[in-house]
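final09.json (JSON, C-alpha atoms and all ligand atoms) appears below.
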[["chain", "number", "residue", "atom", "x", "y", "z"],
["A", 291, "MET", "CA", 23.29, 14.61, -3.46],
["A", 292, "LYS", "CA", 22.78, 10.84, -3.44],
["A", 293, "THR", "CA", 19.47, 9.64, -4.84],
["A", 294, "ILE", "CA", 18.02, 6.34, -3.69],
["A", 295, "ILE", "CA", 15.10, 4.88, -5.59],
["A", 296, "ILE", "CA", 12.94, 2.35, -3.81],
["A", 297, "SER", "CA", 10.64, 0.10, -5.79],
["A", 298, "GLY", "CA", 8.52, -2.97, -5.07],
["A", 299, "THR", "CA", 5.05, -4.38, -5.48],
["A", 300, "PRO", "CA", 2.33, -2.50, -3.54],
["A", 301, "GLY", "CA", 2.34, -3.73, 0.06],
["A", 302, "THR", "CA", 6.04, -4.60, 0.25],
["A", 303, "GLY", "CA", 6.51, -1.65, 2.62],
["A", 304, "LYS", "CA", 8.13, 1.08, 0.50],
["A", 305, "THR", "CA", 6.38, 4.00, 2.20],
["A", 306, "SER", "CA", 6.71, 2.59, 5.73],
["A", 307, "VAL", "CA", 10.43, 1.90, 5.27],
["A", 308, "SER", "CA", 11.15, 5.17, 3.42],
["A", 309, "LYS", "CA", 9.65, 7.23, 6.24],
["A", 310, "LEU", "CA", 12.15, 5.69, 8.67],
["A", 311, "ILE", "CA", 15.12, 6.10, 6.30],
["A", 312, "LEU", "CA", 14.05, 9.70, 5.83],
["A", 313, "LYS", "CA", 14.51, 10.36, 9.55],
["A", 314, "ALA", "CA", 17.80, 8.45, 9.83],
["A", 315, "LEU", "CA", 19.41, 10.17, 6.84],
["A", 316, "ASN", "CA", 17.73, 13.55, 7.28],
["A", 317, "ALA", "CA", 16.75, 13.10, 3.65],
["A", 318, "LYS", "CA", 14.05, 14.41, 1.33],
["A", 319, "LEU", "CA", 11.37, 11.95, 0.29],
["A", 320, "ILE", "CA", 9.32, 11.89, -2.88],
["A", 321, "THR", "CA", 6.46, 9.40, -2.77],
["A", 322, "LEU", "CA", 5.64, 9.36, -6.47],
["A", 323, "ASN", "CA", 2.10, 8.07, -5.96],
["A", 324, "GLU", "CA", 1.30, 11.03, -3.67],
["A", 325, "LEU", "CA", 2.99, 13.56, -5.97],
["A", 326, "VAL", "CA", 1.03, 12.26, -8.95],
["A", 327, "ILE", "CA", -2.33, 12.56, -7.19],
["A", 328, "LYS", "CA", -1.58, 15.89, -5.47],
["A", 329, "GLU", "CA", -0.40, 17.55, -8.67],
["A", 330, "GLY", "CA", -2.72, 15.75, -11.09],
["A", 331, "LEU", "CA", 0.12, 14.23, -13.09],
["A", 332, "ILE", "CA", -2.20, 11.68, -14.66],
["A", 333, "LEU", "CA", -3.65, 10.91, -18.07],
["A", 334, "GLY", "CA", -6.82, 9.30, -16.77],
["A", 335, "TYR", "CA", -8.23, 6.50, -14.69],
["A", 336, "ASP", "CA", -8.25, 2.79, -15.53],
["A", 337, "GLU", "CA", -11.65, 1.64, -14.19],
["A", 338, "ILE", "CA", -10.93, -2.07, -14.63],
["A", 339, "ARG", "CA", -7.60, -2.06, -12.81],
["A", 340, "GLU", "CA", -8.80, 0.67, -10.40],
["A", 341, "THR", "CA", -5.68, 2.68, -10.85],
["A", 342, "SER", "CA", -4.62, 6.04, -12.25],
["A", 343, "ILE", "CA", -2.78, 6.16, -15.56],
["A", 344, "ILE", "CA", 0.33, 8.20, -14.92],
["A", 345, "ASN", "CA", 1.60, 11.02, -17.13],
["A", 346, "LYS", "CA", 5.24, 9.99, -17.32],
["A", 347, "ARG", "CA", 6.38, 13.10, -19.22],
["A", 348, "LYS", "CA", 4.89, 15.48, -16.64],
["A", 349, "ILE", "CA", 6.20, 13.42, -13.73],
["A", 350, "LEU", "CA", 9.74, 13.45, -15.10],
["A", 351, "ARG", "CA", 9.64, 17.18, -15.72],
["A", 352, "ARG", "CA", 8.54, 17.72, -12.09],
["A", 353, "ILE", "CA", 11.17, 15.32, -10.73],
["A", 354, "LYS", "CA", 13.91, 17.09, -12.68],
["A", 355, "SER", "CA", 12.92, 20.42, -11.21],
["A", 356, "LEU", "CA", 12.70, 19.02, -7.66],
["A", 357, "ILE", "CA", 16.13, 17.43, -8.02],
["A", 358, "SER", "CA", 17.77, 20.66, -9.16],
["A", 359, "GLN", "CA", 16.06, 22.51, -6.29],
["A", 360, "TYR", "CA", 17.28, 19.97, -3.72],
["A", 361, "LYS", "CA", 20.80, 20.17, -5.15],
["A", 362, "LYS", "CA", 20.76, 23.94, -4.76],
["A", 363, "ASP", "CA", 19.56, 23.48, -1.18],
["A", 364, "THR", "CA", 22.56, 21.13, -0.61],
["A", 365, "ILE", "CA", 20.32, 18.25, 0.40],
["A", 366, "LYS", "CA", 22.48, 15.16, 1.04],
["A", 367, "TYR", "CA", 20.04, 12.34, 0.33],
["A", 368, "LEU", "CA", 16.89, 12.05, -1.74],
["A", 369, "ILE", "CA", 14.61, 9.02, -1.62],
["A", 370, "ILE", "CA", 12.15, 8.43, -4.44],
["A", 371, "GLU", "CA", 9.73, 5.62, -3.76],
["A", 372, "SER", "CA", 6.95, 4.01, -5.76],
["A", 373, "HIS", "CA", 6.11, 0.76, -7.49],
["A", 374, "PHE", "CA", 6.92, 2.67, -10.70],
["A", 375, "SER", "CA", 10.13, 4.38, -9.58],
["A", 376, "ASP", "CA", 11.85, 2.59, -12.47],
["A", 377, "ILE", "CA", 10.66, 5.53, -14.61],
["A", 378, "ILE", "CA", 13.42, 7.68, -13.05],
["A", 379, "PRO", "CA", 16.26, 8.12, -15.58],
["A", 380, "ASN", "CA", 19.48, 6.28, -14.71],
["A", 381, "ARG", "CA", 21.55, 9.46, -14.58],
["A", 382, "TYR", "CA", 19.74, 10.57, -11.40],
["A", 383, "ILE", "CA", 20.09, 7.27, -9.53],
["A", 384, "ASP", "CA", 22.85, 6.35, -7.08],
["A", 385, "TYR", "CA", 21.18, 3.35, -5.43],
["A", 386, "ALA", "CA", 18.19, 1.24, -6.47],
["A", 387, "ILE", "CA", 16.50, -0.92, -3.87],
["A", 388, "VAL", "CA", 13.61, -3.27, -4.51],
["A", 389, "LEU", "CA", 11.56, -4.49, -1.55],
["A", 390, "ARG", "CA", 10.30, -8.05, -1.97],
["A", 391, "CYS", "CA", 7.70, -10.01, -0.04],
["A", 392, "ASP", "CA", 6.73, -13.66, 0.16],
["A", 393, "PRO", "CA", 3.42, -14.11, -1.73],
["A", 394, "ASP", "CA", 1.52, -15.52, 1.29],
["A", 395, "GLU", "CA", 2.65, -12.63, 3.51],
["A", 396, "LEU", "CA", 1.90, -10.08, 0.79],
["A", 397, "PHE", "CA", -1.58, -11.56, 0.39],
["A", 398, "LYS", "CA", -2.19, -11.03, 4.13],
["A", 399, "ARG", "CA", -0.85, -7.45, 4.07],
["A", 400, "LEU", "CA", -3.07, -6.49, 1.13],
["A", 401, "GLU", "CA", -6.08, -8.25, 2.66],
["A", 402, "LYS", "CA", -5.55, -6.19, 5.83],
["A", 403, "ARG", "CA", -5.57, -3.08, 3.66],
["A", 404, "GLY", "CA", -9.05, -4.03, 2.47],
["A", 405, "TYR", "CA", -8.10, -4.62, -1.18],
["A", 406, "ARG", "CA", -10.58, -6.56, -3.34],
["A", 407, "LYS", "CA", -9.64, -10.22, -3.97],
["A", 408, "GLU", "CA", -8.91, -9.57, -7.70],
["A", 409, "LYS", "CA", -6.64, -6.66, -6.86],
["A", 410, "ILE", "CA", -4.80, -8.71, -4.23],
["A", 411, "ILE", "CA", -4.27, -11.58, -6.67],
["A", 412, "GLU", "CA", -3.09, -9.21, -9.41],
["A", 413, "ASN", "CA", -0.49, -7.70, -7.08],
["A", 414, "VAL", "CA", 0.62, -11.05, -5.65],
["A", 415, "GLN", "CA", 1.00, -12.45, -9.18],
["A", 416, "SER", "CA", 3.10, -9.44, -10.06],
["A", 417, "GLU", "CA", 5.35, -10.08, -7.04],
["A", 418, "ILE", "CA", 5.65, -13.79, -7.90],
["A", 419, "LEU", "CA", 6.75, -12.86, -11.43],
["A", 420, "GLY", "CA", 9.16, -10.27, -10.00],
["A", 421, "ASN", "CA", 7.86, -7.49, -12.24],
["A", 422, "CYS", "CA", 9.16, -4.52, -10.23],
["A", 423, "ALA", "CA", 12.55, -6.20, -9.78],
["A", 424, "ASN", "CA", 12.73, -6.98, -13.50],
["A", 425, "TYR", "CA", 11.89, -3.40, -14.50],
["A", 426, "ILE", "CA", 14.79, -2.21, -12.33],
["A", 427, "ILE", "CA", 17.17, -4.93, -13.59],
["A", 428, "ASN", "CA", 16.31, -4.03, -17.19],
["A", 429, "LYS", "CA", 17.44, -0.45, -16.64],
["A", 430, "GLY", "CA", 21.03, -1.74, -16.74],
["A", 431, "LEU", "CA", 22.13, 0.61, -13.97],
["A", 432, "LYS", "CA", 25.83, 0.88, -13.29],
["A", 433, "LYS", "CA", 25.11, 1.62, -9.63],
["A", 434, "PRO", "CA", 24.22, -0.73, -6.74],
["A", 435, "VAL", "CA", 20.93, -2.52, -7.44],
["A", 436, "LEU", "CA", 19.74, -4.42, -4.39],
["A", 437, "GLU", "CA", 16.70, -6.31, -3.14],
["A", 438, "ILE", "CA", 15.56, -6.97, 0.41],
["A", 439, "ASP", "CA", 13.16, -9.70, 1.48],
["A", 440, "THR", "CA", 10.76, -7.93, 3.86],
["A", 441, "SER", "CA", 8.58, -10.98, 4.61],
["A", 442, "CYS", "CA", 9.86, -11.72, 8.13],
["A", 443, "LYS", "CA", 11.55, -8.43, 8.96],
["A", 444, "LYS", "CA", 10.32, -5.47, 10.95],
["A", 445, "VAL", "CA", 10.08, -2.14, 9.13],
["A", 446, "GLU", "CA", 12.72, -0.71, 11.50],
["A", 447, "ASP", "CA", 15.16, -3.50, 10.63],
["A", 448, "ILE", "CA", 14.66, -3.05, 6.88],
["A", 449, "ALA", "CA", 15.27, 0.70, 7.20],
["A", 450, "LYS", "CA", 18.44, -0.02, 9.19],
["A", 451, "ILE", "CA", 19.72, -2.38, 6.48],
["A", 452, "VAL", "CA", 19.20, 0.33, 3.84],
["A", 453, "VAL", "CA", 20.93, 2.99, 5.95],
["A", 454, "ASP", "CA", 23.83, 0.64, 6.75],
["A", 455, "LEU", "CA", 24.22, -0.26, 3.07],
["A", 456, "ILE", "CA", 24.38, 3.38, 2.08],
["A", 457, "VAL", "CA", 26.16, 5.08, 4.97],
["A", 458, "LEU", "CA", 28.32, 2.32, 6.48],
["A", 459, "ARG", "CA", 28.71, 0.60, 3.10],
["A", 460, "ILE", "CA", 28.24, -2.83, 4.67],
["A", 461, "ASP", "CA", 28.79, -5.85, 2.45],
["A", 462, "SER", "CA", 25.91, -5.82, -0.04],
["A", 463, "ARG", "CA", 26.53, -9.27, -1.53],
["A", 464, "GLY", "CA", 23.60, -10.84, 0.30],
["A", 465, "TYR", "CA", 21.28, -8.21, -1.18],
["A", 466, "GLU", "CA", 22.30, -8.28, -4.85],
["A", 467, "ILE", "CA", 19.20, -8.35, -7.00],
["A", 468, "GLY", "CA", 18.05, -11.54, -8.72],
["A", 469, "LYS", "CA", 18.32, -14.04, -5.88],
["A", 470, "ILE", "CA", 14.71, -14.00, -4.72],
["A", 471, "ASP", "CA", 12.55, -16.29, -6.83],
["A", 472, "TRP", "CA", 9.01, -16.88, -5.52],
["A", 473, "LEU", "CA", 8.03, -18.52, -8.80],
["A", 474, "GLU", "CA", 10.54, -21.33, -8.30],
["A", 475, "LYS", "CA", 9.62, -21.70, -4.63],
["A", 476, "LEU", "CA", 5.90, -22.10, -5.39],
["A", 477, "TYR", "CA", 6.60, -24.35, -8.36],
["A", 478, "TYR", "CA", 8.59, -26.84, -6.26],
["A", 479, "LYS", "CA", 5.87, -26.84, -3.62],
["A", 480, "ASN", "CA", 3.31, -27.43, -6.38],
["A", 481, "ARG", "CA", 1.43, -24.31, -5.22],
["A", 482, "LEU", "CA", 1.43, -22.14, -8.34],
["A", 483, "LYS", "CA", -2.22, -22.93, -9.07],
["A", 484, "GLU", "CA", -3.19, -21.18, -5.81],
["A", 485, "TYR", "CA", -2.24, -17.86, -7.43],
["A", 486, "PHE", "CA", -2.56, -18.57, -11.15],
["A", 487, "ASP", "CA", -5.66, -20.11, -12.74],
["A", 501, "LIG", "N1", 7.99, -5.36, 7.14],
["A", 501, "LIG", "C1", 6.69, -5.35, 7.36],
["A", 501, "LIG", "N2", 6.12, -6.26, 8.16],
["A", 501, "LIG", "C2", 4.79, -6.27, 8.37],
["A", 501, "LIG", "N3", 3.91, -5.42, 7.80],
["A", 501, "LIG", "C3", 4.42, -4.48, 6.98],
["A", 501, "LIG", "C4", 5.82, -4.40, 6.70],
["A", 501, "LIG", "N4", 6.01, -3.39, 5.83],
["A", 501, "LIG", "C5", 4.80, -2.87, 5.60],
["A", 501, "LIG", "N5", 3.84, -3.52, 6.27],
["A", 501, "LIG", "C6", 2.41, -3.24, 6.25],
["A", 501, "LIG", "O1", 1.97, -3.46, 4.94],
["A", 501, "LIG", "C7", 1.09, -2.43, 4.52],
["A", 501, "LIG", "C8", 1.66, -1.75, 3.30],
["A", 501, "LIG", "O2", 2.82, -0.99, 3.66],
["A", 501, "LIG", "P1", 3.26, 0.29, 2.80],
["A", 501, "LIG", "O3", 2.10, 1.20, 2.67],
["A", 501, "LIG", "O4", 4.48, 0.82, 3.43],
["A", 501, "LIG", "O5", 3.56, -0.42, 1.41],
["A", 501, "LIG", "P2", 3.92, 0.26, 0.02],
["A", 501, "LIG", "O6", 4.95, -0.62, -0.58],
["A", 501, "LIG", "O7", 4.26, 1.68, 0.21],
["A", 501, "LIG", "O8", 2.56, 0.11, -0.81],
["A", 501, "LIG", "P3", 2.03, 1.04, -2.04],
["A", 501, "LIG", "O9", 2.85, 0.69, -3.24],
["A", 501, "LIG", "O10", 0.61, 0.63, -2.22],
["A", 501, "LIG", "O11", 2.17, 2.47, -1.63],
["A", 501, "LIG", "C9", 0.92, -1.49, 5.70],
["A", 501, "LIG", "O12", -0.27, -1.86, 6.38],
["A", 501, "LIG", "C10", 2.13, -1.77, 6.55],
["A", 501, "LIG", "O13", 1.88, -1.56, 7.90],
["A", 502, "MG", "MG", 3.35, 3.43, -0.53]]
How does the structure come out when it is put into structure tokens?
Ligand SMILES: Nc1ncnc2c1ncn2[C@@H]1O[C@H](COP(=O)(O)OP(=O)(O)OP(=O)(O)O)[C@@H](O)[C@H]1O
Ligand SMILES: [Mg+2]
Amino acid sequence: MKTIIISGTPGTGKTSVSKLILKALNAKLITLNELVIKEGLILGYDEIRETSIINKRKILRRIKSLISQYKKDTIKYLIIESHFSDIIPNRYIDYAIVLRCDPDELFKRLEKRGYRKEKIIENVQSEILGNCANYIINKGLKKPVLEIDTSCKKVEDIAKIVVDLIVLRIDSRGYEIGKIDWLEKLYYKNRLKEYFD
């Protein structure tokens, strides 16, 4: 079984894209956020950040058991997606993909979702700083670690890129992680103050 982890700031399209990859690869999909809520794998709730505090130990135990079940069932591909999918131990990962999004586009997507202004800014700041990408980079994986700019791409096209990278093994050089730098882009346009006070 090949396991693909998909990470990225909320709103970059992980769930939308994963659902399409799931169909194309006839894969299993674990949306960590859903699993955590459904099975109560949390330690509590952070009122200020309006987010659940995950119970990493319980999540990993559950993931381990799901993975061994899927292996027994001879499942070919497993997708694990979440903005915290970096918690998955390296030994289970065959591909890591981080979805990225231009800050202005991400702002619009999160606004459409009805997020509060503070929550939108917090997430956009996180994307500008490349937090999810950095967490994945810092794992030091010896497997392909890629990033895809989703800003001007349709969900279908992003899913196709992922499938082509994995199944057709197309040239991944254009997707190697570390090339996207929103911080630099905003800095040179003198626009950083729009997102950071
Ligand atoms: N490539 C895209 N182009 C335009 N809109 C998109 C794209 N990808 C996702 N969206 C829209 O952005 C919103 C967030 O998408 P999605 O729920 O897939 O993100 P996510 O990364 O799974 O977020 P979360 O981490 O909160 O679960 C949805 O309204 C979706 O329709
Ligand atoms: Mg999602």
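When atom CA of Lys429 of chain A is paired with atom CA of Gly298 of chain A, their separation reads 14.8 Å.
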Within 6 Å of ligand LIG 501 (chain A), counting all atoms listed in the file: which residues, as a PyMOL selection string?
chain A and resi 299-306+372-373+399+440+443-445
From A:Glu412, A:Asn480, A:Ile296, A:Ala317, residue lying nearest Ser375 of chain A [all atoms listed in the file]
A:Ile296
Output as lines of an AutoDock Vina configuration file the centre and edge lengths (Å, one decimal) of the box along x, y and z of the file that holds every listed atom of segment 458-464 of chain A after adding 6 Å on each side.
center_x = 26.2
center_y = -4.3
center_z = 2.5
size_x = 17.2
size_y = 25.2
size_z = 20.0
I want to know what sits within 8 Å of segment 342-347 of chain A, based on all atoms listed in the file, with residues of the same chain fewer than 4 positions away left out; could you give that as a PyMOL selection string?
chain A and resi 326+331-336+351+377
Would you list the contacts of Leu368 of chain A as a short mmCIF file (atom, residue, chain, number, x, y, z; two decimals) with C-alpha atoms, in the coordinates of the input, taking every protein, DNA or RNA residue within 7 Å and counting only C-alpha atoms, but skipping same-chain residues closer than 4 positions in sequence?
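As written to disk, selection.cif reads:
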data_model
loop_
_atom_site.label_atom_id
_atom_site.label_comp_id
_atom_site.auth_asym_id
_atom_site.auth_seq_id
_atom_site.Cartn_x
_atom_site.Cartn_y
_atom_site.Cartn_z
CA LYS A 292 22.78 10.84 -3.44
CA THR A 293 19.47 9.64 -4.84
CA ILE A 294 18.02 6.34 -3.69
CA ALA A 317 16.75 13.10 3.65
CA LYS A 318 14.05 14.41 1.33
CA LEU A 319 11.37 11.95 0.29
#
Counting all atoms listed in the file, which of A:Asp384, A:Asp439, A:Asp487, A:Glu371 gets nearest to ligand MG 502 (chain A)?
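The shortest atom-to-atom distance to ligand MG 502 (chain A) comes from A:Glu371.
Taking atom CA of Asp376 of chain A and atom CA of Ile295 of chain A as the two end points, the separation is 7.9 Å.
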Spatial neighbours of Arg381 of chain A, 10 Å, only C-alpha atoms, chain gap at least 5 places, as a PyMOL selection string
chain A and resi 293+431-433
What does the structure give for the distance between atom CA of Phe374 of chain A and atom CA of Ile327 of chain A, in Å to one decimal?
14.0 Å
Closest to ligand MG 502 (chain A) among A:Arg403, A:Met291, A:Lys483, A:Lys398, using all atoms listed in the file?
A:Arg403
Counting only C-alpha atoms, figure out which residue out of A:Thr321, A:Tyr385, A:Glu484, A:Glu417 gets nearest to Arg459 of chain A.
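Among A:Thr321, A:Tyr385, A:Glu484, A:Glu417, it is A:Tyr385 that comes nearest to Arg459 of chain A.
For the residues A:Ile418, A:Asp392, A:Lys450, A:Ile426, ranking by smallest atom-to-atom distance to Ile311 of chain A using only C-alpha atoms places A:Lys450 first.
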Counting all atoms listed in the file, which residue out of A:Lys402, A:Lys309, A:Lys354, A:Arg390 sits closest to ligand MG 502 (chain A)?
A:Lys309
Could you list, as JSON, numbers by chain, every residue within 12 Å of segment 464-476 of chain A, counting only C-alpha atoms and ignoring same-chain residues fewer than 4 positions away?
{"A": [385, 386, 387, 388, 389, 390, 391, 392, 393, 394, 395, 396, 414, 415, 416, 417, 418, 419, 420, 421, 422, 423, 424, 425, 426, 427, 428, 430, 431, 433, 434, 435, 436, 437, 438, 439, 440, 441, 448, 451, 452, 455, 460, 480, 481, 482, 483, 484, 485, 486]}
Output segment 301-332 of chain A with N, CA and C atoms present, as a JSON list (two decimals), in the coordinates of the input.
[["chain", "number", "residue", "atom", "x", "y", "z"],
["A", 301, "GLY", "N", 2.45, -2.93, -1.15],
["A", 301, "GLY", "CA", 2.34, -3.73, 0.06],
["A", 301, "GLY", "C", 3.67, -4.28, 0.56],
["A", 302, "THR", "N", 4.73, -4.09, -0.20],
["A", 302, "THR", "CA", 6.04, -4.60, 0.25],
["A", 302, "THR", "C", 6.65, -3.70, 1.33],
["A", 303, "GLY", "N", 6.07, -2.51, 1.50],
["A", 303, "GLY", "CA", 6.51, -1.65, 2.62],
["A", 303, "GLY", "C", 7.35, -0.45, 2.23],
["A", 304, "LYS", "N", 7.29, -0.05, 0.98],
["A", 304, "LYS", "CA", 8.13, 1.08, 0.50],
["A", 304, "LYS", "C", 7.92, 2.35, 1.31],
["A", 305, "THR", "N", 6.65, 2.73, 1.50],
["A", 305, "THR", "CA", 6.38, 4.00, 2.20],
["A", 305, "THR", "C", 6.76, 3.89, 3.67],
["A", 306, "SER", "N", 6.39, 2.77, 4.30],
["A", 306, "SER", "CA", 6.71, 2.59, 5.73],
["A", 306, "SER", "C", 8.22, 2.66, 5.94],
["A", 307, "VAL", "N", 8.98, 1.94, 5.12],
["A", 307, "VAL", "CA", 10.43, 1.90, 5.27],
["A", 307, "VAL", "C", 11.04, 3.27, 4.94],
["A", 308, "SER", "N", 10.58, 3.88, 3.85],
["A", 308, "SER", "CA", 11.15, 5.17, 3.42],
["A", 308, "SER", "C", 11.00, 6.24, 4.49],
["A", 309, "LYS", "N", 9.87, 6.21, 5.20],
["A", 309, "LYS", "CA", 9.65, 7.23, 6.24],
["A", 309, "LYS", "C", 10.70, 7.12, 7.35],
["A", 310, "LEU", "N", 11.12, 5.89, 7.63],
["A", 310, "LEU", "CA", 12.15, 5.69, 8.67],
["A", 310, "LEU", "C", 13.54, 6.07, 8.14],
["A", 311, "ILE", "N", 13.81, 5.74, 6.88],
["A", 311, "ILE", "CA", 15.12, 6.10, 6.30],
["A", 311, "ILE", "C", 15.24, 7.62, 6.26],
["A", 312, "LEU", "N", 14.13, 8.25, 5.91],
["A", 312, "LEU", "CA", 14.05, 9.70, 5.83],
["A", 312, "LEU", "C", 14.56, 10.35, 7.11],
["A", 313, "LYS", "N", 14.10, 9.82, 8.25],
["A", 313, "LYS", "CA", 14.51, 10.36, 9.55],
["A", 313, "LYS", "C", 15.99, 10.09, 9.79],
["A", 314, "ALA", "N", 16.41, 8.85, 9.54],
["A", 314, "ALA", "CA", 17.80, 8.45, 9.83],
["A", 314, "ALA", "C", 18.81, 9.22, 8.99],
["A", 315, "LEU", "N", 18.45, 9.52, 7.75],
["A", 315, "LEU", "CA", 19.41, 10.17, 6.84],
["A", 315, "LEU", "C", 19.17, 11.67, 6.73],
["A", 316, "ASN", "N", 18.14, 12.15, 7.41],
["A", 316, "ASN", "CA", 17.73, 13.55, 7.28],
["A", 316, "ASN", "C", 17.56, 13.89, 5.79],
["A", 317, "ALA", "N", 16.86, 13.01, 5.11],
["A", 317, "ALA", "CA", 16.75, 13.10, 3.65],
["A", 317, "ALA", "C", 15.46, 13.80, 3.22],
["A", 318, "LYS", "N", 15.32, 13.97, 1.92],
["A", 318, "LYS", "CA", 14.05, 14.41, 1.33],
["A", 318, "LYS", "C", 13.40, 13.15, 0.76],
["A", 319, "LEU", "N", 12.08, 13.13, 0.80],
["A", 319, "LEU", "CA", 11.37, 11.95, 0.29],
["A", 319, "LEU", "C", 10.33, 12.36, -0.75],
["A", 320, "ILE", "N", 10.39, 11.69, -1.89],
["A", 320, "ILE", "CA", 9.32, 11.89, -2.88],
["A", 320, "ILE", "C", 8.58, 10.56, -3.00],
["A", 321, "THR", "N", 7.32, 10.57, -2.57],
["A", 321, "THR", "CA", 6.46, 9.40, -2.77],
["A", 321, "THR", "C", 5.72, 9.68, -4.08],
["A", 322, "LEU", "N", 6.16, 9.01, -5.14],
["A", 322, "LEU", "CA", 5.64, 9.36, -6.47],
["A", 322, "LEU", "C", 4.12, 9.27, -6.54],
["A", 323, "ASN", "N", 3.56, 8.24, -5.90],
["A", 323, "ASN", "CA", 2.10, 8.07, -5.96],
["A", 323, "ASN", "C", 1.38, 9.30, -5.40],
["A", 324, "GLU", "N", 1.91, 9.85, -4.29],
["A", 324, "GLU", "CA", 1.30, 11.03, -3.67],
["A", 324, "GLU", "C", 1.47, 12.26, -4.56],
["A", 325, "LEU", "N", 2.68, 12.41, -5.10],
["A", 325, "LEU", "CA", 2.99, 13.56, -5.97],
["A", 325, "LEU", "C", 2.05, 13.59, -7.18],
["A", 326, "VAL", "N", 1.86, 12.40, -7.75],
["A", 326, "VAL", "CA", 1.03, 12.26, -8.95],
["A", 326, "VAL", "C", -0.41, 12.67, -8.66],
["A", 327, "ILE", "N", -0.94, 12.23, -7.54],
["A", 327, "ILE", "CA", -2.33, 12.56, -7.19],
["A", 327, "ILE", "C", -2.45, 14.04, -6.83],
["A", 328, "LYS", "N", -1.52, 14.51, -5.96],
["A", 328, "LYS", "CA", -1.58, 15.89, -5.47],
["A", 328, "LYS", "C", -1.49, 16.90, -6.60],
["A", 329, "GLU", "N", -0.64, 16.59, -7.60],
["A", 329, "GLU", "CA", -0.40, 17.55, -8.67],
["A", 329, "GLU", "C", -1.10, 17.16, -9.98],
["A", 330, "GLY", "N", -1.92, 16.16, -9.92],
["A", 330, "GLY", "CA", -2.72, 15.75, -11.09],
["A", 330, "GLY", "C", -1.86, 15.33, -12.28],
["A", 331, "LEU", "N", -0.78, 14.62, -12.01],
["A", 331, "LEU", "CA", 0.12, 14.23, -13.09],
["A", 331, "LEU", "C", -0.35, 12.90, -13.71],
["A", 332, "ILE", "N", -1.61, 12.91, -14.12],
["A", 332, "ILE", "CA", -2.20, 11.68, -14.66],
["A", 332, "ILE", "C", -2.84, 11.93, -16.03]]
